>>> print(open('model.cif').read())   # mmCIF, C-alpha atoms
data_target
loop_
_atom_site.group_PDB
_atom_site.id
_atom_site.type_symbol
_atom_site.label_atom_id
_atom_site.label_comp_id
_atom_site.auth_asym_id
_atom_site.auth_seq_id
_atom_site.Cartn_x
_atom_site.Cartn_y
_atom_site.Cartn_z
ATOM 1 C CA MET M 70 -27.851 -54.167 -170.677
ATOM 2 C CA ASN M 71 -30.835 -52.321 -169.270
ATOM 3 C CA ALA M 72 -33.695 -53.540 -167.074
ATOM 4 C CA GLU M 73 -36.079 -54.117 -169.991
ATOM 5 C CA GLN M 74 -33.495 -56.192 -171.888
ATOM 6 C CA LEU M 75 -32.839 -58.212 -168.712
ATOM 7 C CA ARG M 76 -36.560 -58.870 -168.268
ATOM 8 C CA GLU M 77 -36.854 -59.925 -171.929
ATOM 9 C CA LEU M 78 -33.860 -62.240 -171.518
ATOM 10 C CA GLN M 79 -35.203 -63.912 -168.392
ATOM 11 C CA ALA M 80 -38.975 -63.871 -169.074
ATOM 12 C CA PRO M 81 -39.050 -67.106 -171.127
ATOM 13 C CA LEU M 82 -36.939 -68.876 -168.503
ATOM 14 C CA LYS M 83 -39.160 -67.697 -165.659
ATOM 15 C CA ALA M 84 -42.261 -68.812 -167.574
ATOM 16 C CA GLU M 85 -40.763 -72.241 -168.309
ATOM 17 C CA TYR M 86 -39.640 -72.771 -164.705
ATOM 18 C CA THR M 87 -43.016 -71.626 -163.368
ATOM 19 C CA ALA M 88 -44.789 -74.087 -165.639
ATOM 20 C CA SER M 89 -42.405 -76.940 -164.792
ATOM 21 C CA SER M 90 -40.296 -76.891 -161.661
ATOM 22 C CA ALA M 91 -38.322 -79.860 -163.036
ATOM 23 C CA ALA M 92 -37.148 -77.668 -165.920
ATOM 24 C CA ALA M 93 -35.407 -75.383 -163.420
ATOM 25 C CA ILE M 94 -33.148 -78.131 -162.043
ATOM 26 C CA ALA M 95 -29.596 -78.209 -163.386
ATOM 27 C CA GLU M 96 -26.546 -80.255 -162.493
ATOM 28 C CA LEU M 97 -23.385 -78.188 -162.506
ATOM 29 C CA HIS M 98 -20.112 -79.990 -163.091
ATOM 30 C CA ALA M 99 -16.429 -79.458 -162.467
ATOM 31 C CA SER M 100 -13.460 -81.740 -162.969
ATOM 32 C CA GLY M 101 -9.800 -81.875 -162.168
ATOM 33 C CA SER M 102 -6.784 -84.034 -162.734
ATOM 34 C CA ILE M 103 -4.678 -84.813 -159.672
ATOM 35 C CA ASP M 104 -0.919 -84.199 -159.994
ATOM 36 C CA LEU M 105 0.528 -86.430 -157.266
ATOM 37 C CA LYS M 106 4.147 -85.556 -158.060
ATOM 38 C CA ASN M 107 3.621 -81.825 -157.482
ATOM 39 C CA LEU M 108 0.871 -82.061 -154.825
ATOM 40 C CA ALA M 109 -1.462 -80.168 -157.113
ATOM 41 C CA CYS M 110 -4.713 -80.458 -159.027
ATOM 42 C CA LEU M 111 -5.364 -79.177 -162.539
ATOM 43 C CA VAL M 112 -8.915 -77.841 -162.476
ATOM 44 C CA ALA M 113 -10.719 -77.554 -165.797
ATOM 45 C CA SER M 114 -11.656 -73.903 -166.196
ATOM 46 C CA PRO M 115 -12.951 -72.628 -169.549
ATOM 47 C CA GLY M 116 -11.532 -69.214 -170.309
ATOM 48 C CA ALA M 117 -8.377 -69.741 -168.233
ATOM 49 C CA ILE M 118 -4.913 -70.042 -169.731
ATOM 50 C CA ASN M 119 -4.697 -73.565 -171.189
ATOM 51 C CA GLU M 120 -8.333 -74.012 -170.054
ATOM 52 C CA GLU M 121 -7.236 -75.040 -166.562
ATOM 53 C CA VAL M 122 -6.142 -73.592 -163.238
ATOM 54 C CA ARG M 123 -3.358 -75.230 -161.227
ATOM 55 C CA SER M 124 -4.307 -75.514 -157.585
ATOM 56 C CA GLY M 125 -1.773 -76.332 -154.899
ATOM 57 C CA LEU M 126 -0.855 -75.897 -151.279
ATOM 58 C CA HIS M 127 -1.183 -72.501 -149.615
ATOM 59 C CA ARG M 128 2.112 -71.097 -148.348
ATOM 60 C CA MET M 129 0.972 -71.705 -144.770
ATOM 61 C CA ALA M 130 0.530 -75.404 -145.608
ATOM 62 C CA GLY M 131 3.924 -75.758 -147.316
ATOM 63 C CA GLY M 132 3.219 -74.433 -150.803
ATOM 64 C CA ASP M 133 5.484 -72.039 -152.656
ATOM 65 C CA GLY M 134 2.698 -69.704 -153.774
ATOM 66 C CA SER M 135 3.020 -70.556 -157.475
ATOM 67 C CA ALA M 136 -0.360 -72.317 -157.610
ATOM 68 C CA ALA M 137 -3.820 -71.132 -156.723
ATOM 69 C CA CYS M 138 -4.914 -72.107 -153.216
ATOM 70 C CA SER M 139 -8.311 -73.815 -153.107
ATOM 71 C CA GLY M 140 -9.377 -71.564 -150.216
ATOM 72 C CA ASP M 141 -8.565 -68.511 -152.303
ATOM 73 C CA MET M 142 -10.452 -70.083 -155.207
ATOM 74 C CA LEU M 143 -13.497 -70.526 -152.968
ATOM 75 C CA LEU M 144 -13.360 -66.825 -152.061
ATOM 76 C CA GLN M 145 -12.862 -65.914 -155.732
ATOM 77 C CA SER M 146 -15.957 -67.964 -156.569
ATOM 78 C CA LEU M 147 -17.873 -66.011 -153.936
ATOM 79 C CA ILE M 148 -16.686 -62.719 -155.438
ATOM 80 C CA ALA M 149 -17.540 -63.857 -158.972
ATOM 81 C CA CYS M 150 -21.060 -64.921 -158.004
ATOM 82 C CA SER M 151 -21.670 -61.843 -155.849
ATOM 83 C CA GLY M 152 -20.393 -59.567 -158.613
ATOM 84 C CA VAL M 153 -22.634 -61.050 -161.294
ATOM 85 C CA THR M 154 -25.610 -61.062 -158.934
ATOM 86 C CA PHE M 155 -24.915 -57.442 -157.940
ATOM 87 C CA ALA M 156 -24.834 -56.422 -161.630
ATOM 88 C CA VAL M 157 -28.115 -58.213 -162.397
ATOM 89 C CA VAL M 158 -29.914 -56.824 -159.355
ATOM 90 C CA ALA M 159 -28.617 -53.285 -159.970
ATOM 91 C CA THR M 160 -29.839 -53.544 -163.559
ATOM 92 C CA ALA M 161 -33.250 -54.884 -162.508
ATOM 93 C CA MET M 162 -33.567 -52.070 -159.944
ATOM 94 C CA GLU M 163 -32.494 -49.545 -162.612
ATOM 95 C CA LEU M 164 -29.834 -48.110 -160.317
ATOM 96 C CA ARG M 165 -27.111 -45.799 -161.540
ATOM 97 C CA ILE M 166 -23.791 -47.322 -160.455
ATOM 98 C CA SER M 167 -20.574 -45.541 -161.462
ATOM 99 C CA SER M 168 -18.300 -48.295 -160.165
ATOM 100 C CA ALA M 169 -18.390 -51.189 -157.756
ATOM 101 C CA THR M 170 -15.820 -53.572 -156.301
ATOM 102 C CA ILE M 171 -16.037 -56.490 -153.917
ATOM 103 C CA ASN M 172 -13.377 -57.606 -151.491
ATOM 104 C CA VAL M 173 -13.608 -60.734 -149.396
ATOM 105 C CA THR M 174 -11.600 -61.868 -146.406
ATOM 106 C CA GLY M 175 -11.599 -65.406 -145.138
ATOM 107 C CA THR M 176 -10.058 -66.503 -141.852
ATOM 108 C CA MET M 177 -8.551 -69.947 -141.430
ATOM 109 C CA ASP M 178 -6.470 -71.642 -138.739
ATOM 110 C CA PHE M 179 -4.006 -73.942 -140.528
ATOM 111 C CA ARG M 180 -3.560 -76.104 -137.433
ATOM 112 C CA GLY M 181 -6.787 -77.863 -138.444
ATOM 113 C CA THR M 182 -5.831 -78.762 -142.002
ATOM 114 C CA LEU M 183 -2.310 -79.767 -140.958
ATOM 115 C CA GLY M 184 -3.684 -82.139 -138.328
ATOM 116 C CA ILE M 185 -1.889 -80.400 -135.457
ATOM 117 C CA ASP M 186 -4.964 -79.920 -133.279
ATOM 118 C CA ARG M 187 -8.074 -82.071 -133.821
ATOM 119 C CA ALA M 188 -10.190 -79.481 -131.986
ATOM 120 C CA THR M 189 -9.307 -76.823 -134.574
ATOM 121 C CA PRO M 190 -11.786 -76.748 -137.474
ATOM 122 C CA VAL M 191 -10.530 -77.630 -140.943
ATOM 123 C CA GLY M 192 -11.344 -74.833 -143.362
ATOM 124 C CA LEU M 193 -12.497 -71.265 -143.230
ATOM 125 C CA THR M 194 -14.145 -70.188 -140.006
ATOM 126 C CA SER M 195 -15.337 -66.769 -141.145
ATOM 127 C CA ILE M 196 -15.849 -64.885 -144.379
ATOM 128 C CA ALA M 197 -16.536 -61.161 -144.742
ATOM 129 C CA LEU M 198 -17.602 -59.400 -147.941
ATOM 130 C CA THR M 199 -17.079 -55.676 -148.474
ATOM 131 C CA PHE M 200 -18.865 -53.867 -151.305
ATOM 132 C CA THR M 201 -17.438 -50.502 -152.376
ATOM 133 C CA VAL M 202 -20.032 -48.720 -154.484
ATOM 134 C CA GLU M 203 -19.800 -45.343 -156.182
ATOM 135 C CA SER M 204 -23.286 -44.179 -157.047
ATOM 136 C CA PRO M 205 -25.525 -41.112 -156.922
ATOM 137 C CA GLU M 206 -28.306 -43.336 -155.538
ATOM 138 C CA PRO M 207 -29.412 -42.903 -151.899
ATOM 139 C CA ASP M 208 -27.810 -45.147 -149.291
ATOM 140 C CA GLU M 209 -31.097 -46.975 -148.714
ATOM 141 C CA LYS M 210 -31.194 -48.169 -152.323
ATOM 142 C CA ILE M 211 -27.558 -49.317 -152.232
ATOM 143 C CA ASP M 212 -28.190 -51.127 -148.941
ATOM 144 C CA LYS M 213 -31.198 -52.857 -150.542
ATOM 145 C CA LEU M 214 -29.065 -53.758 -153.559
ATOM 146 C CA ILE M 215 -26.468 -55.426 -151.325
ATOM 147 C CA GLN M 216 -29.203 -57.191 -149.324
ATOM 148 C CA LEU M 217 -30.721 -58.602 -152.530
ATOM 149 C CA THR M 218 -27.281 -59.532 -153.845
ATOM 150 C CA GLU M 219 -26.732 -61.577 -150.696
ATOM 151 C CA ARG M 220 -30.186 -63.149 -151.015
ATOM 152 C CA TYR M 221 -29.757 -64.288 -154.625
ATOM 153 C CA CYS M 222 -26.025 -65.120 -154.755
ATOM 154 C CA VAL M 223 -25.811 -68.898 -155.220
ATOM 155 C CA VAL M 224 -22.336 -69.287 -153.703
ATOM 156 C CA LEU M 225 -23.068 -67.057 -150.703
ATOM 157 C CA GLN M 226 -26.334 -68.857 -149.948
ATOM 158 C CA THR M 227 -24.694 -72.266 -150.359
ATOM 159 C CA LEU M 228 -22.019 -71.286 -147.838
ATOM 160 C CA LYS M 229 -24.533 -69.787 -145.399
ATOM 161 C CA GLN M 230 -27.072 -72.600 -145.564
ATOM 162 C CA GLY M 231 -24.696 -75.502 -145.994
ATOM 163 C CA VAL M 232 -25.236 -78.285 -148.461
ATOM 164 C CA SER M 233 -25.099 -82.046 -148.457
ATOM 165 C CA VAL M 234 -21.714 -83.198 -149.785
ATOM 166 C CA SER M 235 -20.729 -86.776 -150.437
ATOM 167 C CA SER M 236 -17.647 -88.541 -151.741
ATOM 168 C CA ARG M 237 -17.439 -91.870 -153.487
ATOM 169 C CA ARG M 238 -14.968 -93.910 -155.438
ATOM 170 C CA ALA M 239 -15.710 -94.441 -159.121
ATOM 171 C CA THR M 240 -14.810 -97.783 -160.600
ATOM 172 C CA ILE M 241 -12.414 -97.913 -163.535
#
>>> encode(input="model.cif", output="structure tokens")
Amino acid sequence: MNAEQLRELQAPLKAEYTASSAAAIAELHASGSIDLKNLACLVASPGAINEEVRSGLHRMAGGDGSAACSGDMLLQSLIACSGVTFAVVATAMELRISSATINVTGTMDFRGTLGIDRATPVGLTSIALTFTVESPEPDEKIDKLIQLTERYCVVLQTLKQGVSVSSRRATI
């Protein structure tokens, strides 16, 4: 896809959302089925084998490594969103990119999630993204591309800004 095709694709959406901010609001959904016997969760995932991904304990929490770890899945979501955003922004900027990869590293202290030390945070305490870009474009343009990718990546911004999260019990 080129920049003009991208603009044509998004122009009607931008016009609709400009005319009605309510039209721009979407609820995203995900679901999973809890497997108590195997300490796992089957997460609905269109496009995956059997349309689901089996999530389980990380090795450092007692898992055997046969199931996806939810922390890894969070980082994969960040890579997926950053990658798509990078592609869209590069196209909009009309940049020549020969190849691009993203690597992400998350740091976590498992003492928190295992309840060993209440002072230790539960979850990731740092995340670092690394973009490797092969391009004839000047460094300034690639730096701007990465800056805009960070600005418009939904997952990255959600992690950086935080979001209200609630839990409730549904009645059967």
>>> atom_distance(input="model.cif", atom1="CA of Ala109 (chain M)", atom2="CA of Leu193 (chain M)")
19.8 Å
>>> axis_aligned_box(input="model.cif", around="region 93-97 of chain M", padding_each_side="5 Å", output="AutoDock Vina command-line options")
--center_x -29.4 --center_y -77.8 --center_z -162.7 --size_x 22.0 --size_y 14.9 --size_z 11.4
>>> residues_around(input="model.cif", residues="Glu219 (chain M)", least_positions_apart="6", cutoff="12 Å", atoms="all atoms listed in the file", output="list in words")
Leu147, Ile148, Cys150, Ser151, Gly152, Val153, Thr154, Phe155, Val158, Ala197, Leu198, Thr199, Phe200, Asp212, Lys213, Leu225, Gln226, Thr227, Leu228 and Lys229 of chain M
>>> closest_residue(input="model.cif", among="M:Ala188, M:Val232, M:Ala80, M:Leu183", to="Gly131 (chain M)", atoms="only C-alpha atoms")
M:Leu183
>>> residues_around(input="model.cif", residues="Ala169 (chain M)", least_positions_apart="3", cutoff="8 Å", atoms="all atoms listed in the file", output="list in words")
Ile166, Phe200, Thr201, Val202 and Glu203 of chain M
>>> atom_distance(input="model.cif", atom1="CA of Gly116 (chain M)", atom2="CA of Ile196 (chain M)")
26.6 Å
>>> resolve_selection(input="model.cif", expression="the PyMOL selection byres ((chain M and resi 160) around 10)", output="short mmCIF file (atom, residue, chain, number, x, y, z; two decimals) with C-alpha atoms, keeping the file's coordinate frame")
data_model
loop_
_atom_site.label_atom_id
_atom_site.label_comp_id
_atom_site.auth_asym_id
_atom_site.auth_seq_id
_atom_site.Cartn_x
_atom_site.Cartn_y
_atom_site.Cartn_z
CA MET M 70 -27.85 -54.17 -170.68
CA ASN M 71 -30.84 -52.32 -169.27
CA ALA M 72 -33.70 -53.54 -167.07
CA GLU M 73 -36.08 -54.12 -169.99
CA GLN M 74 -33.49 -56.19 -171.89
CA LEU M 75 -32.84 -58.21 -168.71
CA ARG M 76 -36.56 -58.87 -168.27
CA THR M 154 -25.61 -61.06 -158.93
CA PHE M 155 -24.92 -57.44 -157.94
CA ALA M 156 -24.83 -56.42 -161.63
CA VAL M 157 -28.12 -58.21 -162.40
CA VAL M 158 -29.91 -56.82 -159.35
CA ALA M 159 -28.62 -53.28 -159.97
CA ALA M 161 -33.25 -54.88 -162.51
CA MET M 162 -33.57 -52.07 -159.94
CA GLU M 163 -32.49 -49.54 -162.61
CA LEU M 164 -29.83 -48.11 -160.32
CA ARG M 165 -27.11 -45.80 -161.54
CA ILE M 166 -23.79 -47.32 -160.46
#
>>> residues_near_point(input="model.cif", point="(-8.9, -80.7, -159.9)", cutoff="8 Å", atoms="only C-alpha atoms", output="PDB file with C-alpha atoms, in the coordinates of the input")
ATOM      1  CA  SER M 100     -13.460 -81.740-162.969  1.00  0.00           C
ATOM      2  CA  GLY M 101      -9.800 -81.875-162.168  1.00  0.00           C
ATOM      3  CA  SER M 102      -6.784 -84.034-162.734  1.00  0.00           C
ATOM      4  CA  ILE M 103      -4.678 -84.813-159.672  1.00  0.00           C
ATOM      5  CA  ALA M 109      -1.462 -80.168-157.113  1.00  0.00           C
ATOM      6  CA  CYS M 110      -4.713 -80.458-159.027  1.00  0.00           C
ATOM      7  CA  LEU M 111      -5.364 -79.177-162.539  1.00  0.00           C
ATOM      8  CA  VAL M 112      -8.915 -77.841-162.476  1.00  0.00           C
ATOM      9  CA  ALA M 113     -10.719 -77.554-165.797  1.00  0.00           C
ATOM     10  CA  ARG M 123      -3.358 -75.230-161.227  1.00  0.00           C
ATOM     11  CA  SER M 124      -4.307 -75.514-157.585  1.00  0.00           C
TER      12      SER M 124
END
>>> residues_near_point(input="model.cif", point="(-9.4, -75.5, -144.8)", cutoff="9 Å", atoms="all atoms listed in the file", output="list in words")
Ser139, Gly140, Met177, Asp178, Phe179, Gly181, Thr182, Pro190, Val191, Gly192, Leu193 and Thr194 of chain M
>>> atom_distance(input="model.cif", atom1="CA of Asn172 (chain M)", atom2="CA of Thr218 (chain M)")
14.2 Å
>>> closest_residue(input="model.cif", among="M:Asp133, M:Ala91, M:Thr189, M:Glu85", to="Leu108 (chain M)", atoms="only C-alpha atoms")
M:Asp133
